[in-house]
$ cat start.txt   # compact mmCIF, C-alpha atoms
# COMPACT_ATOMS: atom_id res chain seq x y z
CA MET A 944 86.08 65.50 133.82
CA PRO A 945 87.56 66.15 130.42
CA TYR A 946 85.23 67.86 127.95
CA ILE A 947 85.99 67.72 124.21
CA GLN A 948 84.10 69.92 121.77
CA MET A 949 84.53 69.32 118.05
CA SER A 950 83.49 71.75 115.32
CA ILE A 951 83.55 69.81 112.06
CA SER A 952 82.81 71.14 108.58
CA GLU A 953 81.46 67.87 107.20
CA LYS A 954 78.35 65.95 108.29
CA GLN A 955 79.40 62.81 110.19
CA ASP A 956 77.17 59.74 110.00
CA GLU A 957 76.37 57.61 113.06
CA THR A 958 79.15 55.14 112.25
CA ARG A 959 81.79 57.88 112.20
CA ILE A 960 80.40 59.48 115.38
CA ALA A 961 80.56 56.07 117.12
CA SER A 962 84.14 55.57 115.87
CA LEU A 963 85.18 59.03 117.08
CA LYS A 964 83.54 58.41 120.47
CA SER A 965 85.38 55.10 120.89
CA MET A 966 88.70 56.53 119.73
CA LEU A 967 88.44 59.54 122.06
CA GLY A 968 87.44 57.29 124.95
CA GLU A 969 90.63 55.33 124.37
CA LYS A 970 92.99 58.25 123.71
CA ILE A 971 91.87 60.33 126.71
CA SER A 972 93.65 57.87 128.99
CA LEU A 973 96.96 59.14 127.56
CA LEU A 974 96.40 62.13 129.85
CA PRO A 975 97.19 61.27 133.50
CA GLY A 976 94.10 60.81 135.65
CA LYS A 977 91.66 61.03 132.72
CA SER A 978 89.38 58.24 131.52
CA GLU A 979 86.33 57.58 129.37
CA ALA A 980 84.30 57.06 132.56
CA VAL A 981 84.20 60.85 133.08
CA LEU A 982 84.64 62.06 129.48
CA MET A 983 82.02 64.38 127.96
CA LEU A 984 81.93 64.86 124.17
CA GLN A 985 80.15 67.41 122.00
CA PHE A 986 79.95 66.91 118.23
CA ASP A 987 79.08 69.98 116.16
CA ASP A 988 79.15 68.76 112.56
CA ALA A 989 77.91 70.06 109.21
CA ASN A 990 79.26 73.55 109.98
CA THR A 991 80.09 76.23 107.45
CA MET A 992 83.81 76.60 108.07
CA TYR A 993 86.50 78.54 106.25
CA PHE A 994 90.22 77.97 106.56
CA ALA A 995 92.84 80.09 104.78
CA GLY A 996 90.04 82.04 103.12
CA GLU A 997 88.40 79.02 101.53
CA LEU A 998 85.32 76.99 102.34
CA GLY A 999 86.22 73.36 102.81
CA LYS A 1000 86.94 70.37 104.99
CA CYS A 1001 88.38 71.35 108.36
CA ALA A 1002 87.88 70.87 112.08
CA MET A 1003 88.60 72.70 115.34
CA ILE A 1004 88.84 70.63 118.51
CA GLN A 1005 88.86 72.06 122.03
CA VAL A 1006 89.91 69.91 124.97
CA HIS A 1007 88.96 71.25 128.40
CA LEU A 1008 90.74 69.72 131.38
CA TYR A 1009 90.55 70.19 135.12
CA LYS A 1010 94.08 71.12 136.17
CA GLU A 1011 97.23 71.07 134.07
CA SER A 1012 98.45 67.93 132.30
CA PRO A 1013 102.13 67.32 131.46
CA ARG A 1014 103.21 68.70 128.10
CA GLU A 1015 104.56 65.29 127.01
CA ALA A 1016 101.18 63.65 127.65
CA LYS A 1017 99.33 66.40 125.76
CA SER A 1018 101.78 66.06 122.87
CA GLN A 1019 101.23 62.30 122.65
CA PHE A 1020 97.45 62.73 122.93
CA ALA A 1021 97.45 65.39 120.21
CA SER A 1022 99.61 63.35 117.84
CA GLU A 1023 97.68 60.11 118.19
CA MET A 1024 94.23 61.66 118.39
CA LEU A 1025 94.68 63.96 115.38
CA LYS A 1026 95.96 61.09 113.22
CA SER A 1027 92.98 58.93 114.16
CA PHE A 1028 90.54 61.84 113.79
CA SER A 1029 91.81 62.44 110.25
CA GLU A 1030 91.52 58.75 109.35
CA ILE A 1031 87.95 58.51 110.67
CA THR A 1032 86.60 61.77 109.21
CA GLY A 1033 88.60 61.98 105.99
CA ILE A 1034 89.67 65.53 106.86
CA PRO A 1035 93.36 66.12 106.04
CA ILE A 1036 95.44 66.33 109.22
CA ASP A 1037 96.82 69.72 108.18
CA ARG A 1038 93.25 71.09 108.32
CA ILE A 1039 92.49 69.87 111.86
CA PHE A 1040 93.40 72.07 114.82
CA LEU A 1041 93.42 71.38 118.56
CA ASN A 1042 93.49 73.65 121.60
CA PHE A 1043 93.89 72.65 125.24
CA PHE A 1044 92.20 74.65 127.98
CA GLU A 1045 93.34 73.78 131.49
CA HIS A 1046 91.14 75.06 134.27
CA SER A 1047 92.02 75.52 137.94
CA GLY A 1048 88.35 75.72 138.92
CA TRP A 1049 85.80 73.08 137.94
CA ALA A 1050 82.39 72.48 139.51
CA THR A 1051 80.63 69.13 139.53
CA ARG A 1052 77.81 67.68 141.63
CA GLY A 1053 77.27 71.15 143.06
CA VAL A 1054 80.81 71.49 144.37
CA LEU A 1055 83.64 73.69 143.10
CA LYS A 1056 86.91 71.80 143.05
$ encode --input "start.txt" --output "structure tokens"
Amino acid sequence: MPYIQMSISEKQDETRIASLKSMLGEKISLLPGKSEAVLMLQFDDANTMYFAGELGKCAMIQVHLYKESPREAKSQFASEMLKSFSEITGIPIDRIFLNFFEHSGWATRGVLK
């Protein structure tokens, strides 16, 4: 189950949230074995966020994955997803950051994998 948490400086209306949800549901399949069917999203918007010492538009995105994904797939996901994220939110792409966290242990339905 991929889990994506987004901290966004600007308030996102329902239309943008729906667009982000759809886009992420599509882009997650760029990572082998991942799909929207098991994708969990968390939107934290309207945050007070500073970047380079200044208050302003920016976002930090964390992608949690069970097991390691190939670097090439993560690179393609990052490139395509960040471009789309910028277009949907209006946040300049150079003010959006993404981290991958790949976990060897993941519990679901009461079972540790």
$ atom_distance --input "start.txt" --atom1 "CA of Glu1030 (chain A)" --atom2 "CA of His1046 (chain A)"
29.8 Å
$ residues_near_point --input "start.txt" --point "(95.4, 72.1, 132.0)" --cutoff "6 Å" --atoms "all atoms listed in the file" --output "list in words"
Leu1008, Lys1010, Glu1011, Ser1012, Phe1044, Glu1045 and His1046 of chain A
$ atom_distance --input "start.txt" --atom1 "CA of Phe1040 (chain A)" --atom2 "CA of Gly976 (chain A)"
23.7 Å
$ residues_around --input "start.txt" --residues "Lys964 (chain A)" --least-positions-apart "6" --cutoff "12 Å" --atoms "only C-alpha atoms" --output "list in words"
Ile947, Gln948, Met949, Gln955, Glu957, Thr958, Lys970, Ile971, Glu979, Leu982, Met983, Leu984, Gln985, Phe986, Met1024, Ser1027, Phe1028 and Ile1031 of chain A
$ atom_distance --input "start.txt" --atom1 "CA of Asp988 (chain A)" --atom2 "CA of Ser1022 (chain A)"
21.8 Å
$ closest_residue --input "start.txt" --among "A:His1007, A:Lys954, A:Leu974, A:Glu969" --to "Trp1049 (chain A)" --atoms "all atoms listed in the file"
A:His1007
$ residues_around --input "start.txt" --residues "Ala1002 (chain A)" --least-positions-apart "2" --cutoff "10 Å" --atoms "only C-alpha atoms" --output "ChimeraX atom specification"
/A:949-953,987-988,990,992-994,999-1000,1004,1028-1029,1032,1034-1041
$ closest_residue --input "start.txt" --among "A:Leu973, A:Ala961, A:Ala995, A:Met1003" --to "Ala1016 (chain A)" --atoms "all atoms listed in the file"
A:Leu973
$ closest_residue --input "start.txt" --among "A:Leu998, A:Tyr1009, A:Glu1015, A:Leu1025" --to "Ala1050 (chain A)" --atoms "only C-alpha atoms"
A:Tyr1009
$ closest_residue --input "start.txt" --among "A:Met944, A:Thr991, A:Lys977, A:Gly996" --to "Phe1020 (chain A)" --atoms "all atoms listed in the file"
A:Lys977
$ axis_aligned_box --input "start.txt" --around "region 1011-1024 of chain A" --padding-each-side "4 Å" --output "JSON"
{"center_x": 99.4, "center_y": 65.6, "center_z": 126.0, "size_x": 18.3, "size_y": 19.0, "size_z": 24.2}
$ closest_residue --input "start.txt" --among "A:Lys1056, A:Asn1042, A:Thr1051, A:Lys1017" --to "Pro975 (chain A)" --atoms "only C-alpha atoms"
A:Lys1017
$ closest_residue --input "start.txt" --among "A:Val981, A:Ala989, A:Gly1033, A:Leu1055" --to "Leu963 (chain A)" --atoms "all atoms listed in the file"
A:Gly1033
